[in-house]
Every structure is written in C-alpha cells, then in structure tokens.
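Novice: Have a look at this one before I ask anything.
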Amino acid sequence: MSEEKSLNFIEEIVEADLANGKYATITTRFPPEPNGYLHIGHAKSICLNFGLAKKYGGKTNLRFDDTNPVTEETEYVDSIKDDVRWLGFSWANEFYASDYFEQLYGFAVKLIEKGLAYVDDSTSDEIAAQKGTPTIPGVRNVFADRTVAENLQLFTDMRAGKYPDGSKVLRAKIDMASPNMLLRDPIIYRIKHAHHHRTGDKWCIYPMYDFAHGQSDSIENITHSICTLEFIPHRDLYDWCIEKLEIFPSHQYEFARLNMTYTIMSKRKLLQLVNEKHVNGWDDPRMSTISGMRRRGYTAEAIREFCDRIGVAKRENLIDVGLLEFFVREHLNKIALRRMVVFDPLKIVLTNYPDTVEMLPSENNPENPEGGSREIPFSKELYIERDDFMEVAPKKYFRLAPGQMVRLKSAYIIKCEDVIKDAEGKVTELHCTYLPESKSGSDTSGIHVKGTLHWVSVPHAVTAEVRLYDRLFKVEDVGNAEGDFKDHINPDSLQVISHAYAEPALLLDNPDDRYQFIRKGYFILDKDSTKEKLVFNRTVTLKDGWAKETKKA
RNA sequence: UGCCCGAUAGUAUAAGGGUAGUACAACUGAUUUUGGUUCAGUAUGUCGUGGUUCGAAUCCAUGUCGGGCAACCA
C-alpha cells in the first residue's frame, strides 16, 4: 500500500483490520447534522473519511444526522452536498438518520422488552440531580421499576402524541454509578412536537444522538466510524447499544478536531456571526466555511493538500492558518493568470513617448510556458502604484525615486525626471522619460535595474472594485481567548478599493479563472460582479519580502 | 478528590527497542523583467524522575502539565 509515506493511526487500524481479515472491505461515513454550513474542520473529516475509503478501495456514505428537528433545515442539507462535491468527493449513498426512525423505534422497543429501558416522568432538573456528579454516584428513581408492559404502553403513547414536550423520556437502564456519566441511564428518546425537515409531522418523539448514531452506522454496515475526541466517552454507550441490540458491530475511533489560528470552528459561533451581521452570510469570504473559502478563491485542491499535510492524531492542536495559505499560494501560483491592476494610482507621463499606443505581449503565467500571453496597451500616460514611488528613498528601495530608473513590467525602463505637486505638496504626477532601446524582449540598453513595477495605461484602464480581506479575528487562539469571541473581531478584516485600475484583459476572461495581480496577490471574480462593474476578492496576498525587510528596520 | 484522552523544534506531524526525519514558519545566500517563484544552506526538539536494556522518543513505574466528562444538542 504505502511504503514511503507513514500511516496515521487510523490508517494503521484499517490496514490491520484488512490484513487480519476482520473486514474484506471498509465503509466509512461523513455524518453532519444539517444545522449549519460546513467549515474547514469538516473538510478535515471529509478528507479523512472519503480519503480512507478511496485509499483502501471502500466506500463512504453521506449521512445527515437529523435527529433534532428544531435546528435542522433543508438549506443546510443542500449546502453540505454542494460543499462535499466541490471538495471533490462523491458518496456511495445519501442517507438520513431520519430514514431509520421506524427502525430506531423498533430498537427502543426491543430494549424495553429486554428490561433495558424505561419511561421516566421526571423533569430534566430532577434527572440531572439524580445523575450525581463525576465523583458522586447517581441514584435511580421509582420510574426505573416500571414493568415491561407498562413501559411498552407508555412508549406507544409517547409516540401517539398523548404527552406534551418534556413530560416523559425513554431512558436506557445501564448503571447509575458508572464513572462514565453517559452510562448513568442516558435519555434515548424525547418528546418534541416539532416539524422535521424530512419526516414532517409524522413523529413527535425523536431519538437522541447516542441512540441514533451507532445504530445508523450499524444499519449501514459502517466498519470504521470516525469522529472527534469529544465523543470518546460516548463510545461505551455506542458499544452498549450495539451489544444489547445484537446488531452489526461498527466501531468508533476518535481523532483530534482541527483548530486554526485566527478563526473559529464552531457552528454555533459561525451562525452568530451570520445572524448578527458581523459578516455577510455563511459564504462571506472571511468565514472559515467551505463556501466562504470557495468564494474567496481557495481551491479544493489546496484544501485537500492542507488536510493531508496536517495529519490525523489524538493530540489537541492549533494549526497556523499560514499553512493553509501556503497551500493556496502553491496551487494558485501554478494556475493563476498574471494581470496588472493598480489599486492606488499615481499618474506618470512619459515626456519623450509619442502620442501612440503600442500593444505589448506579456506571458499569462511564467510558471507555465503553455499558458500563452496577452497584449497589453501601453501609452504616454500610465498609472503606477503610489507606494512604488518615494521622494526620499531609503538605500535598498528598488522602486521609483527622483533620478532613479525602474523597469515597467513587459515594457520599458523609465527614469523619473520631475515630481509634480499640488499646493499642499502632495505628489500628483511624475514626469519620466523612457528608454526606447530597453523594450521588453529586445532590450539592447545594457542597463539592469533592480525594480520592476506593474502599471496600467490611463486611457485603457478598466475600473474595478477590489475587496481585500484580512483575518476575521485579532487573536491567535480565538477559542481560548478571554471574554466573548466577538470582542476579538478584527474591525479591519475587509477593505474595499472601489476604484482600482485594471488592464483591459480582465474584461475578457472567464469568471472561474484565478488571477495573480502582479505584485499584489491572488484574486478571483466575486459573485457580486456585473458586466458594468467588476468585483474581485483577494484570495491571499503574495509573500512580501520587502514588507518584512521594512518591518525589521 | 472519580473516570477518560493526550504530551517530539515556534506550529503541526513521523520514527513502533538501533543515525530524531518531513512540512510550514524563521534566518543566510544565489537566481529572477513580480522584493513573487525557484534553488542551495543554517538554526531550533523527545515534559520531569526513576527503572528494564548493550542500546529507550518508543517498554515499565511515578510525578507534572494540558484537555474532556454531570444538554430532553450533535
């Protein structure tokens, strides 16, 4: 199988199970609750579950864990399916825990018949109080002594809708003194007169996670049921149900969930950001949701590489978001079309350039010779970036300064002759001369300059809106930071450049294309774009060695 | 003071009794018509203490530290 690359602990389990004949083939599942959009943490789980099946020739089901009707919606189901597909995976079957409600009900009846479940009329407070604490054993109440016949009748009546919400629950009869709190007669069914997104009003009792998940796995013959660390204590109950019900023995394995710097990974908090309008929806490009990252321009390939690289283990972790960005850059560098866009323009007049327009060819991607080239209009009046000029420049500044020369990308070398200012002393334009013999591709000037700038021809410039995103939070470990997580929101996470100047080639390209705005970063067209108004999202910046250099000083 | 997980460079992750390796980050330098890319190189690590062993990140004991467990959520 894999000789070079080392295995993670789950792959080792799978290989052992396959090698010793425990299973001929494996089946995994990705089991989201449709109560929110998927985020990068889910991507790790998706890559793990689908990746395992792919690697070992098994299959993976997509199963919606929809046992709590009050939080779940079809919108979420649809978005989850979109996201999994976009990530590049296809499921063997699309299942729903709600598909199994009848079967699950039967399992509960079986437990009652075996004397292993009872109907409890206590309030939730009473149940909590009787449960004890981790160091004090719980105590059973009188309802635990109800007869099988009585329990059967009561449970039937619960299903029939004879009781209001909260008035009764079905509990598994296990061990009120167990050191594992989850085994102290856990609730397995509760009454909820609520509309379910798939079963409608057919049911008014719903199984709890612990009575649905393992059994669903079992029904689907899941061999390796992989979940996150917080479910470790649930494994005893998972196994207990399977054993008492005498059904296919799926096994649960747990790995550490992904945590990432400067982001949150909780659906509850993500929902809060959406509801309270701290962001513009679940697919806001600043969100750690898969749909947000997609809109921002991250590629599925980069996300998969990231998930592969971070590994799977049981130790808690906090991964540098910079690692994700590394994989995004690595991929985009290979596929992005190079374009020139000026965000903050400073006008340049080439005093010795004729009143004509030249079309200059420029490669689409230096990393890919087959990527071809496009023609860029060049004229007497150009825009360059305002911070590519300094009137008084430090020593290692390779850009424009009075008397200094730079190369204009794919065009000529120019020299700054005159600085024009307004009454306040603000630089309004630069008068430069160009070296005709320095034309890109046929340079005979013999001059080598250190700096190369991007530029746009003034009369040909296309205006566009550019949205620059920064991290949504100001602190590294948002989850463990003091106070409310919203206190740490970065107020400057979105900067809008409403009038950037772009080379005209950007009008012609395909909306799915990825761009590198030379010296600026990677960009993608946003869905808010129209024919009249282009809108671009910055996916990620380029690494900036100069910024690092200046920061040091 | 119960039970359960875990601990390897800054961050992650390998090494499964035999040279502590890889990626990102950092730092040097080279190349470069993107201060990007690429290339070459440098520095940094086994939680503590005992033990077993010719040999321990790995096995044993013990301590310490971090995390989890008492929703009619998943």
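In the structure tokens, the first chain shown is A, the next is B, and so on; residue numbers restart at 1 for each chain, and ligands run from 1 in the order shown.
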Contacts of G68 (chain B) at 10 Å or less, counting only C-alpha atoms (C1' of nucleotides), minus same-chain residues fewer than 6 places along, as a list in words?
Specialist: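 Residues near the query, excluding close chain neighbours: Leu229, Glu230, Phe231, Ile232 and Pro233 of chain A; C4 and C5 of chain B.
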Novice: Hey, can you spit out that residue selection with N, CA and C atoms (P, O5', C5', C4', C3', O3' and C1' of nucleotides) as a compact mmCIF listing (two decimals), in the first residue's frame?
Specialist:
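Contents of out_35.txt, freshly written:
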# COMPACT_ATOMS: atom_id res chain seq x y z
N LEU A 229 -12.59 13.78 19.19
CA LEU A 229 -12.25 13.42 20.57
C LEU A 229 -13.37 13.55 21.59
N GLU A 230 -14.21 14.57 21.43
CA GLU A 230 -15.22 14.78 22.48
C GLU A 230 -16.23 13.64 22.55
N PHE A 231 -16.18 12.73 21.58
CA PHE A 231 -17.11 11.61 21.61
C PHE A 231 -16.51 10.37 22.27
N ILE A 232 -15.30 10.48 22.75
CA ILE A 232 -14.68 9.32 23.40
C ILE A 232 -15.58 8.73 24.49
N PRO A 233 -16.11 9.55 25.40
CA PRO A 233 -16.96 8.97 26.44
C PRO A 233 -18.23 8.33 25.89
P C B 4 -9.75 5.28 33.68
O5' C B 4 -10.08 6.12 32.37
C5' C B 4 -11.15 5.74 31.52
C4' C B 4 -11.30 6.76 30.43
C3' C B 4 -10.02 7.13 29.73
O3' C B 4 -9.65 6.13 28.79
C1' C B 4 -11.21 9.10 30.23
P C B 5 -8.18 6.09 28.23
O5' C B 5 -8.39 7.26 27.17
C5' C B 5 -7.35 7.74 26.54
C4' C B 5 -7.67 8.98 25.76
C3' C B 5 -6.35 9.63 25.42
O3' C B 5 -5.84 9.03 24.25
C1' C B 5 -7.73 11.22 26.48
Novice: Quick one: everything within 8 Å of region 6-10 of chain B, counting only C-alpha atoms (C1' of nucleotides), minus sequence neighbours fewer than 3 positions away in the same chain. Send it as a list in words.
Specialist: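 Listing them by chain and then by number gives Lys314, Arg315 and Glu316 of chain A; A25, U44, G45, U46, C47, A57, G66 and G67 of chain B.
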Novice: Take the selection from the previous step and output its residues with N, CA, C and O atoms (P, O5', C5', C4', C3', O3' and C1' of nucleotides), as a CSV table (one decimal), in the first residue's frame.
Specialist:
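In the end it all went to out22.csv:
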chain,number,residue,atom,x,y,z
A,314,LYS,N,-4.3,12.3,17.9
A,314,LYS,CA,-5.2,12.4,19.0
A,314,LYS,C,-4.9,13.6,19.9
A,314,LYS,O,-5.5,13.8,20.9
A,315,ARG,N,-3.8,14.3,19.6
A,315,ARG,CA,-3.4,15.4,20.4
A,315,ARG,C,-4.1,16.7,20.0
A,315,ARG,O,-4.3,16.9,18.8
A,316,GLU,N,-4.5,17.5,20.9
A,316,GLU,CA,-5.1,18.8,20.6
A,316,GLU,C,-4.1,19.6,19.8
A,316,GLU,O,-2.9,19.6,20.1
B,25,A,P,6.4,29.1,4.6
B,25,A,O5',6.6,29.6,6.1
B,25,A,C5',5.6,30.3,6.8
B,25,A,C4',6.1,30.6,8.2
B,25,A,C3',7.4,31.3,8.4
B,25,A,O3',7.3,32.7,8.2
B,25,A,C1',7.3,29.5,9.9
B,44,U,P,21.1,24.2,16.8
B,44,U,O5',19.6,24.2,17.4
B,44,U,C5',19.2,25.3,18.2
B,44,U,C4',17.7,25.4,18.2
B,44,U,C3',17.0,24.0,18.5
B,44,U,O3',16.9,23.8,19.9
B,44,U,C1',15.9,25.2,16.7
B,45,G,P,17.3,22.4,20.5
B,45,G,O5',16.0,21.6,20.4
B,45,G,C5',14.9,22.0,21.2
B,45,G,C4',13.8,21.0,21.1
B,45,G,C3',14.1,19.6,21.7
B,45,G,O3',13.9,19.6,23.1
B,45,G,C1',13.0,19.4,19.6
B,46,U,P,14.7,18.5,24.0
B,46,U,O5',14.1,17.1,23.6
B,46,U,C5',13.4,16.3,24.5
B,46,U,C4',12.1,15.8,23.9
B,46,U,C3',11.3,14.8,24.7
B,46,U,O3',9.9,15.0,24.4
B,46,U,C1',11.8,13.9,22.6
B,47,C,P,8.7,14.6,25.5
B,47,C,O5',9.0,15.5,26.8
B,47,C,C5',9.1,16.9,26.7
B,47,C,C4',9.0,17.5,28.0
B,47,C,C3',9.8,16.6,29.1
B,47,C,O3',11.1,16.9,29.2
B,47,C,C1',7.6,17.1,29.8
B,57,A,P,15.7,8.0,23.6
B,57,A,O5',14.4,8.7,23.2
B,57,A,C5',13.7,9.4,24.3
B,57,A,C4',12.2,9.5,23.9
B,57,A,C3',11.4,8.2,24.0
B,57,A,O3',10.9,8.0,25.3
B,57,A,C1',11.0,9.3,21.9
B,66,G,P,-2.1,23.0,33.7
B,66,G,O5',-2.6,22.5,32.2
B,66,G,C5',-2.1,23.2,31.1
B,66,G,C4',-2.6,22.5,29.8
B,66,G,C3',-4.1,22.2,29.8
B,66,G,O3',-4.9,23.3,29.4
B,66,G,C1',-2.8,20.3,29.1
B,67,G,P,-6.4,23.4,30.0
B,67,G,O5',-7.1,22.2,29.2
B,67,G,C5',-7.3,22.3,27.8
B,67,G,C4',-7.9,21.1,27.2
B,67,G,C3',-9.2,20.6,27.8
B,67,G,O3',-10.3,21.3,27.3
B,67,G,C1',-7.8,18.8,27.6
Novice: Write out as a PyMOL selection string which residues come within 8 Å of Ala502 (chain A) when counting only C-alpha atoms (C1' of nucleotides), dropping same-chain ones fewer than 4 positions away.
Specialist: chain A and resi 339-342+456+461-464+506
Novice: Output the selection as a short mmCIF file (atom, residue, chain, number, x, y, z; two decimals), in the first residue's frame - C-alpha atoms for each residue.
Specialist:
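Final output, part-v8.cif:
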data_model
loop_
_atom_site.label_atom_id
_atom_site.label_comp_id
_atom_site.auth_asym_id
_atom_site.auth_seq_id
_atom_site.Cartn_x
_atom_site.Cartn_y
_atom_site.Cartn_z
CA ARG A 339 -2.66 40.55 -14.70
CA MET A 340 -1.74 44.10 -13.79
CA VAL A 341 -4.01 46.14 -11.55
CA VAL A 342 -3.19 49.40 -9.81
CA VAL A 456 -1.81 50.33 -16.40
CA ALA A 461 -7.71 51.32 -17.78
CA VAL A 462 -10.78 49.42 -16.66
CA THR A 463 -12.07 50.26 -13.22
CA ALA A 464 -12.92 47.52 -10.82
CA LEU A 506 -9.59 41.34 -17.24
#
Novice: Determine, for each residue of chain B having at least one atom at most 9 Å from an atom of chain A, the closest pair of atoms and their separation in Å to one decimal, counting only C-alpha atoms (C1' of nucleotides); order by chain and ascending number, as a tab-separated table.
Specialist:
residue	atom	partner	partner_atom	distance
B:U1	C1'	A:Thr135	CA	7.7
B:G2	C1'	A:Thr135	CA	4.5
B:C3	C1'	A:Pro179	CA	5.1
B:C4	C1'	A:Pro233	CA	6.9
B:C5	C1'	A:Leu229	CA	7.8
B:G6	C1'	A:Arg315	CA	5.4
B:A7	C1'	A:Arg315	CA	7.9
B:U11	C1'	A:Asp320	CA	6.1
B:A12	C1'	A:Ile310	CA	6.0
B:U13	C1'	A:Gly311	CA	6.1
B:A14	C1'	A:Ser6	CA	6.7
B:A23	C1'	A:Arg309	CA	7.3
B:C24	C1'	A:Leu323	CA	5.5
B:A25	C1'	A:Gly322	CA	8.3
B:U33	C1'	A:Lys409	CA	5.8
B:U34	C1'	A:Arg519	CA	5.1
B:G35	C1'	A:Trp546	CA	4.8
B:G36	C1'	A:Leu542	CA	6.3
B:U37	C1'	A:Glu367	CA	7.7
B:G66	C1'	A:Glu316	CA	9.0
B:G67	C1'	A:Glu316	CA	7.5
B:G68	C1'	A:Glu230	CA	6.5
B:C69	C1'	A:Met181	CA	6.8
B:A70	C1'	A:Thr133	CA	5.0
B:C72	C1'	A:Arg190	CA	5.3
B:C73	C1'	A:Asn68	CA	7.8
B:A74	C1'	A:Tyr209	CA	6.3
